[in-house]
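Structure first, commentary second.
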Amino acid sequence: MTLVAVVSDYLLHPFYPQFFEARFGITDPKSVGYYFAAICAMVMISFPFWAYVARKVAELRLLIYTQFAAGILALYCFTITSYLNFWIISLIMVLFKGSYLLVYPYILKIIKKEEHVKTIGILSVVVHLGGIMGAIIGGLVVDIIDANYIFLVMAIGDFIQMGISGYLLKSDRFSTARVAVDNNDTIVKKPILSNQLILKIGLVTCILYFSDFITRPFFSLFWEAISQSNSKIIAGTIYAIPGFIALIALWYTTKTKTKPQDNIYNNIVPILCIGFIGLMLQATAIDWLLIIGRCIYGWAIFKGVVQFDVLLFELSTPESYATDYSKVHFFQNLGVLFGSLFIGILVDHFGLQIPFIVALVGFAFTLLLYVIFFRTEIQSLKKLVKT
(Lines give C-alpha, C1' and ligand atoms only; values in the text may rest on other atoms or scores of the structure.)
Protein backbone atom coordinates (compact mmCIF):
# COMPACT_ATOMS: atom_id res chain seq x y z
CA MET A 1 0.00 0.00 0.00
CA THR A 2 2.81 2.37 0.89
CA LEU A 3 4.63 1.62 -2.36
CA VAL A 4 1.54 2.33 -4.45
CA ALA A 5 0.84 5.53 -2.50
CA VAL A 6 4.39 6.85 -2.90
CA VAL A 7 4.47 6.03 -6.62
CA SER A 8 1.29 8.09 -7.01
CA ASP A 9 2.80 10.96 -5.05
CA TYR A 10 6.08 11.03 -6.99
CA LEU A 11 4.69 10.83 -10.52
CA LEU A 12 4.78 14.61 -10.98
CA HIS A 13 7.39 15.60 -8.38
CA PRO A 14 10.32 15.96 -10.83
CA PHE A 15 8.17 17.49 -13.56
CA TYR A 16 5.90 20.12 -12.01
CA PRO A 17 7.64 22.99 -13.89
CA GLN A 18 7.08 21.20 -17.21
CA PHE A 19 3.52 20.21 -16.21
CA PHE A 20 2.42 23.74 -15.33
CA GLU A 21 3.90 25.10 -18.55
CA ALA A 22 2.32 22.42 -20.76
CA ARG A 23 -1.11 22.41 -19.16
CA PHE A 24 -1.64 25.99 -18.00
CA GLY A 25 1.08 27.96 -19.82
CA ILE A 26 2.66 29.01 -16.51
CA THR A 27 6.45 29.33 -16.48
CA ASP A 28 7.04 31.39 -13.31
CA PRO A 29 9.23 29.29 -10.94
CA LYS A 30 7.51 30.88 -7.94
CA SER A 31 4.19 29.29 -8.97
CA VAL A 32 5.73 25.83 -8.67
CA GLY A 33 7.14 26.68 -5.25
CA TYR A 34 3.83 28.05 -3.99
CA TYR A 35 1.98 24.96 -5.17
CA PHE A 36 4.43 22.68 -3.38
CA ALA A 37 3.99 24.83 -0.27
CA ALA A 38 0.22 24.45 -0.49
CA ILE A 39 0.56 20.66 -0.77
CA CYS A 40 2.82 20.58 2.29
CA ALA A 41 0.42 22.75 4.27
CA MET A 42 -2.43 20.40 3.40
CA VAL A 43 -0.43 17.34 4.50
CA MET A 44 0.48 19.12 7.75
CA ILE A 45 -3.22 19.56 8.42
CA SER A 46 -4.42 16.21 7.14
CA PHE A 47 -2.11 13.77 8.92
CA PRO A 48 -2.76 14.96 12.51
CA PHE A 49 -6.45 15.08 11.63
CA TRP A 50 -6.52 11.50 10.35
CA ALA A 51 -4.38 10.38 13.32
CA TYR A 52 -7.08 11.79 15.61
CA VAL A 53 -9.88 10.15 13.60
CA ALA A 54 -7.97 6.84 13.73
CA ARG A 55 -8.49 6.78 17.51
CA LYS A 56 -12.18 6.19 16.84
CA VAL A 57 -12.12 4.44 13.43
CA ALA A 58 -9.78 1.55 12.58
CA GLU A 59 -6.99 2.64 10.24
CA LEU A 60 -7.70 0.17 7.44
CA ARG A 61 -11.43 0.85 7.52
CA LEU A 62 -10.75 4.58 7.39
CA LEU A 63 -8.44 4.15 4.40
CA ILE A 64 -11.19 2.52 2.35
CA TYR A 65 -13.21 5.74 2.41
CA THR A 66 -10.37 8.25 2.18
CA GLN A 67 -8.61 6.57 -0.74
CA PHE A 68 -11.88 6.17 -2.61
CA ALA A 69 -12.45 9.93 -2.26
CA ALA A 70 -8.85 10.63 -3.36
CA GLY A 71 -9.30 8.43 -6.44
CA ILE A 72 -12.49 10.18 -7.51
CA LEU A 73 -10.83 13.59 -7.10
CA ALA A 74 -7.79 12.42 -9.10
CA LEU A 75 -10.14 11.48 -11.95
CA TYR A 76 -11.67 14.96 -11.70
CA CYS A 77 -8.19 16.56 -11.87
CA PHE A 78 -7.71 14.73 -15.19
CA THR A 79 -10.53 16.78 -16.71
CA ILE A 80 -9.82 20.21 -15.16
CA THR A 81 -8.68 23.03 -17.45
CA SER A 82 -8.93 25.92 -14.99
CA TYR A 83 -5.76 26.70 -13.01
CA LEU A 84 -7.77 27.90 -9.98
CA ASN A 85 -10.02 24.84 -9.99
CA PHE A 86 -6.95 22.61 -10.29
CA TRP A 87 -5.50 24.17 -7.14
CA ILE A 88 -8.72 23.68 -5.17
CA ILE A 89 -9.55 20.12 -6.27
CA SER A 90 -5.97 18.80 -6.21
CA LEU A 91 -5.41 20.12 -2.67
CA ILE A 92 -8.62 18.49 -1.45
CA MET A 93 -7.34 15.31 -3.11
CA VAL A 94 -4.09 15.65 -1.11
CA LEU A 95 -6.14 16.01 2.07
CA PHE A 96 -7.64 12.54 1.53
CA LYS A 97 -4.41 11.05 0.15
CA GLY A 98 -2.59 12.07 3.34
CA SER A 99 -4.45 9.38 5.27
CA TYR A 100 -2.12 6.71 3.81
CA LEU A 101 0.56 7.97 6.24
CA LEU A 102 -1.38 6.14 8.97
CA VAL A 103 -0.02 2.88 7.55
CA TYR A 104 3.47 3.67 8.88
CA PRO A 105 2.63 3.90 12.62
CA TYR A 106 0.03 1.15 12.18
CA ILE A 107 2.69 -1.31 10.99
CA LEU A 108 4.96 -0.44 13.91
CA LYS A 109 2.04 -0.84 16.29
CA ILE A 110 1.48 -4.49 15.31
CA ILE A 111 5.14 -5.57 15.60
CA LYS A 112 7.53 -5.76 18.55
CA LYS A 113 10.11 -3.11 19.47
CA GLU A 114 13.07 -5.27 18.50
CA GLU A 115 11.75 -5.41 14.93
CA HIS A 116 11.52 -1.63 14.58
CA VAL A 117 15.00 -0.91 13.18
CA LYS A 118 14.64 -3.48 10.39
CA THR A 119 11.02 -2.56 9.64
CA ILE A 120 11.68 1.19 9.50
CA GLY A 121 14.57 0.49 7.14
CA ILE A 122 12.32 -1.61 4.91
CA LEU A 123 9.59 1.05 4.93
CA SER A 124 12.15 3.72 4.09
CA VAL A 125 13.34 1.65 1.14
CA VAL A 126 9.74 1.15 0.03
CA VAL A 127 9.38 4.94 0.02
CA HIS A 128 12.61 5.32 -1.99
CA LEU A 129 11.56 2.55 -4.37
CA GLY A 130 8.24 4.29 -4.82
CA GLY A 131 10.15 7.47 -5.62
CA ILE A 132 12.18 5.62 -8.25
CA MET A 133 9.12 4.11 -9.89
CA GLY A 134 7.13 7.33 -9.65
CA ALA A 135 9.88 9.45 -11.22
CA ILE A 136 10.51 6.98 -14.06
CA ILE A 137 6.81 6.31 -14.76
CA GLY A 138 6.13 10.05 -14.60
CA GLY A 139 8.93 10.65 -17.11
CA LEU A 140 7.51 8.01 -19.44
CA VAL A 141 4.03 9.51 -19.28
CA VAL A 142 5.28 13.08 -19.86
CA ASP A 143 7.60 12.00 -22.71
CA ILE A 144 5.37 9.51 -24.51
CA ILE A 145 1.74 10.40 -23.73
CA ASP A 146 0.68 13.53 -21.87
CA ALA A 147 1.14 14.86 -18.35
CA ASN A 148 -2.66 14.90 -17.81
CA TYR A 149 -2.72 11.09 -17.82
CA ILE A 150 -0.64 11.03 -14.67
CA PHE A 151 -3.84 11.69 -12.74
CA LEU A 152 -5.38 8.55 -14.19
CA VAL A 153 -2.42 6.58 -12.81
CA MET A 154 -2.91 8.34 -9.45
CA ALA A 155 -6.55 7.32 -9.37
CA ILE A 156 -5.66 3.69 -10.11
CA GLY A 157 -3.20 3.79 -7.21
CA ASP A 158 -5.82 5.11 -4.81
CA PHE A 159 -8.32 2.43 -5.79
CA ILE A 160 -5.64 -0.27 -5.36
CA GLN A 161 -4.98 0.95 -1.80
CA MET A 162 -8.69 0.91 -1.11
CA GLY A 163 -8.91 -2.67 -2.39
CA ILE A 164 -5.95 -3.85 -0.29
CA SER A 165 -7.51 -2.31 2.84
CA GLY A 166 -10.78 -4.09 2.18
CA TYR A 167 -9.00 -7.39 1.53
CA LEU A 168 -7.00 -7.18 4.78
CA LEU A 169 -10.13 -6.43 6.80
CA LYS A 170 -12.12 -9.33 5.36
CA SER A 171 -9.35 -11.90 5.17
CA ASP A 172 -9.15 -14.51 7.93
CA ARG A 173 -5.37 -14.75 7.46
CA PHE A 174 -4.68 -11.47 9.26
CA SER A 175 -5.54 -10.13 12.70
CA THR A 176 -5.97 -6.47 11.87
CA ALA A 177 -6.83 -5.51 15.45
CA ARG A 178 -3.62 -6.91 16.94
CA VAL A 179 -1.28 -4.58 18.85
CA ALA A 180 2.15 -5.73 20.01
CA VAL A 181 2.82 -4.36 23.49
CA ASP A 182 5.88 -5.05 25.61
CA ASN A 183 5.09 -4.24 29.24
CA ASN A 184 8.73 -3.49 29.99
CA ASP A 185 8.86 -1.01 27.14
CA THR A 186 5.71 0.67 28.39
CA ILE A 187 7.11 1.15 31.87
CA VAL A 188 10.48 2.46 30.73
CA LYS A 189 9.60 4.50 27.68
CA LYS A 190 6.54 6.50 28.72
CA PRO A 191 8.41 8.94 30.98
CA ILE A 192 11.17 9.44 28.37
CA LEU A 193 9.17 10.73 25.42
CA SER A 194 8.22 14.26 26.45
CA ASN A 195 6.88 17.11 24.32
CA GLN A 196 10.30 18.74 24.71
CA LEU A 197 12.02 15.74 23.13
CA ILE A 198 9.44 15.63 20.34
CA LEU A 199 10.12 19.33 19.76
CA LYS A 200 13.87 18.71 19.54
CA ILE A 201 13.50 15.83 17.08
CA GLY A 202 10.95 17.87 15.16
CA LEU A 203 13.16 20.97 14.83
CA VAL A 204 16.23 19.01 13.73
CA THR A 205 14.31 16.99 11.16
CA CYS A 206 12.48 20.14 10.04
CA ILE A 207 15.78 21.59 8.81
CA LEU A 208 16.90 18.22 7.44
CA TYR A 209 13.72 17.83 5.38
CA PHE A 210 13.95 21.47 4.26
CA SER A 211 17.49 20.86 3.01
CA ASP A 212 16.53 17.62 1.28
CA PHE A 213 13.40 18.96 -0.39
CA ILE A 214 14.81 22.25 -1.66
CA THR A 215 16.96 20.39 -4.21
CA ARG A 216 14.02 18.50 -5.73
CA PRO A 217 11.48 20.68 -7.60
CA PHE A 218 13.94 22.03 -10.18
CA PHE A 219 16.38 19.12 -10.20
CA SER A 220 15.26 17.82 -13.61
CA LEU A 221 15.76 21.27 -15.15
CA PHE A 222 19.18 21.55 -13.49
CA TRP A 223 20.20 18.17 -14.88
CA GLU A 224 18.96 19.05 -18.37
CA ALA A 225 20.95 22.30 -18.23
CA ILE A 226 24.29 20.74 -17.22
CA SER A 227 23.96 17.54 -19.27
CA GLN A 228 22.46 19.08 -22.41
CA SER A 229 19.88 16.27 -22.44
CA ASN A 230 16.16 16.83 -22.91
CA SER A 231 15.09 13.27 -22.07
CA LYS A 232 12.60 13.27 -19.20
CA ILE A 233 13.19 9.54 -18.67
CA ILE A 234 16.91 10.10 -18.07
CA ALA A 235 16.16 13.09 -15.84
CA GLY A 236 13.70 11.02 -13.83
CA THR A 237 16.25 8.21 -13.51
CA ILE A 238 18.99 10.56 -12.24
CA TYR A 239 16.45 12.11 -9.88
CA ALA A 240 15.70 8.62 -8.53
CA ILE A 241 19.33 7.59 -7.85
CA PRO A 242 18.94 8.03 -4.05
CA GLY A 243 16.19 5.42 -4.18
CA PHE A 244 18.48 2.88 -5.83
CA ILE A 245 21.16 3.61 -3.23
CA ALA A 246 18.61 3.12 -0.46
CA LEU A 247 17.97 -0.41 -1.71
CA ILE A 248 21.70 -1.17 -1.55
CA ALA A 249 21.96 0.43 1.90
CA LEU A 250 19.12 -1.72 3.24
CA TRP A 251 20.74 -4.88 1.86
CA TYR A 252 24.03 -3.93 3.50
CA THR A 253 22.30 -3.16 6.80
CA THR A 254 20.63 -6.57 6.88
CA LYS A 255 24.02 -8.23 6.33
CA THR A 256 25.76 -6.23 9.09
CA LYS A 257 25.07 -7.02 12.73
CA THR A 258 25.21 -3.94 14.95
CA LYS A 259 23.84 -3.09 18.34
CA PRO A 260 20.45 -1.32 18.17
CA GLN A 261 21.58 1.56 20.35
CA ASP A 262 24.56 2.13 18.05
CA ASN A 263 22.18 2.39 15.12
CA ILE A 264 20.01 4.86 16.95
CA TYR A 265 22.40 7.15 18.73
CA ASN A 266 25.96 7.02 17.42
CA ASN A 267 25.83 7.42 13.64
CA ILE A 268 23.86 10.58 12.93
CA VAL A 269 26.83 13.00 12.99
CA PRO A 270 28.96 11.10 10.41
CA ILE A 271 25.83 10.46 8.31
CA LEU A 272 25.12 14.20 8.09
CA CYS A 273 28.78 14.89 7.22
CA ILE A 274 28.63 12.35 4.38
CA GLY A 275 25.40 13.93 3.14
CA PHE A 276 27.17 17.31 3.12
CA ILE A 277 29.88 15.88 0.83
CA GLY A 278 27.23 14.45 -1.49
CA LEU A 279 25.54 17.84 -1.77
CA MET A 280 28.86 19.56 -2.50
CA LEU A 281 29.50 17.24 -5.44
CA GLN A 282 26.02 17.90 -6.83
CA ALA A 283 26.52 21.64 -6.49
CA THR A 284 29.58 21.52 -8.81
CA ALA A 285 27.23 21.48 -11.83
CA ILE A 286 29.43 18.84 -13.51
CA ASP A 287 27.27 15.97 -14.69
CA TRP A 288 29.51 13.02 -13.71
CA LEU A 289 30.33 14.57 -10.33
CA LEU A 290 26.62 15.16 -9.77
CA ILE A 291 25.92 11.46 -10.33
CA ILE A 292 28.62 10.49 -7.81
CA GLY A 293 27.32 13.06 -5.35
CA ARG A 294 23.78 11.81 -5.82
CA CYS A 295 24.92 8.29 -4.89
CA ILE A 296 26.72 9.49 -1.75
CA TYR A 297 23.84 11.75 -0.77
CA GLY A 298 21.30 8.98 -1.37
CA TRP A 299 23.02 6.74 1.18
CA ALA A 300 23.26 9.55 3.74
CA ILE A 301 19.67 10.76 3.50
CA PHE A 302 18.35 7.19 3.71
CA LYS A 303 20.39 6.43 6.83
CA GLY A 304 19.63 9.80 8.42
CA VAL A 305 15.86 9.58 8.01
CA VAL A 306 15.85 6.00 9.34
CA GLN A 307 17.91 6.95 12.41
CA PHE A 308 15.57 9.76 13.43
CA ASP A 309 12.47 7.62 12.92
CA VAL A 310 13.98 4.80 14.96
CA LEU A 311 14.82 7.26 17.73
CA LEU A 312 11.23 8.47 17.86
CA PHE A 313 9.55 5.05 17.84
CA GLU A 314 12.07 3.55 20.24
CA LEU A 315 11.03 6.07 22.87
CA SER A 316 7.31 6.07 22.11
CA THR A 317 4.65 3.47 22.96
CA PRO A 318 2.33 1.61 20.55
CA GLU A 319 -0.79 3.48 21.63
CA SER A 320 0.99 6.80 20.97
CA TYR A 321 2.76 5.97 17.71
CA ALA A 322 0.30 7.72 15.40
CA THR A 323 0.01 10.90 17.49
CA ASP A 324 3.74 11.16 18.28
CA TYR A 325 4.67 10.52 14.66
CA SER A 326 2.09 13.04 13.45
CA LYS A 327 3.68 15.72 15.67
CA VAL A 328 7.17 15.09 14.32
CA HIS A 329 5.77 14.71 10.81
CA PHE A 330 4.21 18.18 11.22
CA PHE A 331 7.66 19.69 11.72
CA GLN A 332 9.10 17.70 8.82
CA ASN A 333 6.39 19.00 6.53
CA LEU A 334 6.96 22.47 7.93
CA GLY A 335 10.51 22.18 6.60
CA VAL A 336 9.20 21.10 3.21
CA LEU A 337 6.70 23.98 3.34
CA PHE A 338 9.45 26.56 3.90
CA GLY A 339 11.48 24.95 1.13
CA SER A 340 8.50 25.20 -1.20
CA LEU A 341 7.94 28.87 -0.41
CA PHE A 342 11.54 29.87 -1.00
CA ILE A 343 12.65 27.58 -3.82
CA GLY A 344 10.81 29.38 -6.60
CA ILE A 345 12.03 32.79 -5.45
CA LEU A 346 15.64 31.57 -5.10
CA VAL A 347 15.71 29.93 -8.53
CA ASP A 348 14.06 32.98 -10.10
CA HIS A 349 16.75 35.29 -8.70
CA PHE A 350 19.88 33.12 -8.51
CA GLY A 351 19.46 30.27 -10.98
CA LEU A 352 19.16 26.49 -10.85
CA GLN A 353 22.35 25.87 -8.83
CA ILE A 354 21.29 27.82 -5.73
CA PRO A 355 19.13 25.03 -4.18
CA PHE A 356 22.24 22.91 -3.57
CA ILE A 357 24.09 25.79 -1.92
CA VAL A 358 21.15 26.45 0.40
CA ALA A 359 20.92 22.71 1.14
CA LEU A 360 24.60 22.71 2.15
CA VAL A 361 23.95 25.45 4.67
CA GLY A 362 20.89 23.57 5.88
CA PHE A 363 22.84 20.35 6.46
CA ALA A 364 25.49 22.25 8.42
CA PHE A 365 22.79 23.84 10.57
CA THR A 366 21.10 20.46 11.07
CA LEU A 367 24.36 19.00 12.34
CA LEU A 368 24.92 21.95 14.68
CA LEU A 369 21.42 21.73 16.16
CA TYR A 370 21.67 17.98 16.62
CA VAL A 371 24.91 18.30 18.57
CA ILE A 372 23.50 21.12 20.73
CA PHE A 373 20.17 19.40 21.44
CA PHE A 374 21.33 15.82 21.96
CA ARG A 375 24.96 15.84 23.09
CA THR A 376 24.08 15.49 26.77
CA GLU A 377 20.68 13.83 26.38
CA ILE A 378 21.89 10.99 24.17
CA GLN A 379 24.29 9.79 26.82
CA SER A 380 21.52 9.44 29.39
CA LEU A 381 19.20 7.82 26.84
CA LYS A 382 21.87 5.24 26.00
CA LYS A 383 22.16 4.31 29.67
CA LEU A 384 18.38 3.91 29.93
CA VAL A 385 18.26 1.72 26.82
CA LYS A 386 21.08 -0.49 28.15
CA THR A 387 19.23 -1.01 31.43
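Note on naming: chains are A, B, ... as they come in the C-alpha coordinates, residues start from 1 per chain, ligands start from 1 in the order shown.
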
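If you count only C-alpha atoms and ignore residues fewer than 3 places along the chain from range 71-83 of chain A, what sits within 6 Å of it is Phe68, Phe86, Met93, Asn148, Phe151, Ala155 and Asp158 of chain A.
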
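Put simply, CA of Ser320 in chain A is 17.6 Å away from CA of Ser46 in chain A.
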
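Comparing the minimum interatomic distances between Gln18 in chain A and each of A:Asp324, A:Asp146, A:Glu59, A:Glu115, counting only C-alpha atoms, we find that A:Asp146 sits nearest.
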
List every residue of range 215-311 of chain A that has an atom at most 7 Å from any atom of range 342-360 of chain A, and for each one report the closest atom pair and its distance in Å to one decimal, counting only C-alpha atoms, with rows sorted by chain and then by increasing residue number, as JSON lines.
{"residue": "A:Thr215", "atom": "CA", "partner": "A:Pro355", "partner_atom": "CA", "distance": 5.1}
{"residue": "A:Phe218", "atom": "CA", "partner": "A:Leu352", "partner_atom": "CA", "distance": 6.9}
{"residue": "A:Phe222", "atom": "CA", "partner": "A:Leu352", "partner_atom": "CA", "distance": 5.6}
{"residue": "A:Phe276", "atom": "CA", "partner": "A:Leu360", "partner_atom": "CA", "distance": 6.1}
{"residue": "A:Leu279", "atom": "CA", "partner": "A:Phe356", "partner_atom": "CA", "distance": 6.3}
{"residue": "A:Ala283", "atom": "CA", "partner": "A:Phe356", "partner_atom": "CA", "distance": 5.3}

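The smallest atom-to-atom distance between Ala51 in chain A and any of A:Trp223, A:Trp299, A:Trp251, A:Tyr325, using only C-alpha atoms, is found for A:Tyr325.
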
Set the distance at 9 Å and use only C-alpha atoms: which residues neighbour Ala5 in chain A once local chain neighbours fewer than 2 positions away are removed? I'd like the list as a PyMOL selection string. chain A and resi 1-3+7-10+97+100+127+130+154+157-158+161

Separation of CA of Ala135 in chain A from CA of Met42 in chain A, in Å and rounded to one decimal: 22.0 Å

Residues near Leu281 in chain A, cut-off 7 Å, only C-alpha atoms, skip fewer than 4 positions along chain, as a PyMOL selection string: chain A and resi 277+289-290+293

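Proximity to range 368-371 of chain A at 9 Å, evaluated using only C-alpha atoms and with sequence-adjacent residues fewer than 2 positions away removed, yields Lys200, Ile201, Leu203, Val204, Ile268, Val269, Phe363, Ala364, Phe365, Thr366, Phe373, Phe374, Arg375 and Thr376 of chain A.
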
Extract the full set of helix (DSSP H, G or I) residues from range 117-246 of chain A according to DSSP on the backbone, and format it as a PyMOL selection string. chain A and resi 117-144+147-170+183-189+195-213+219-227+232-239+241-246

Nearby residues (only C-alpha atoms) at most 10 Å from Tyr34 in chain A, same-chain spacing under 2 positions excluded, as an MDAnalysis selection string: chainID A and resid 29:32 36:40 337:345
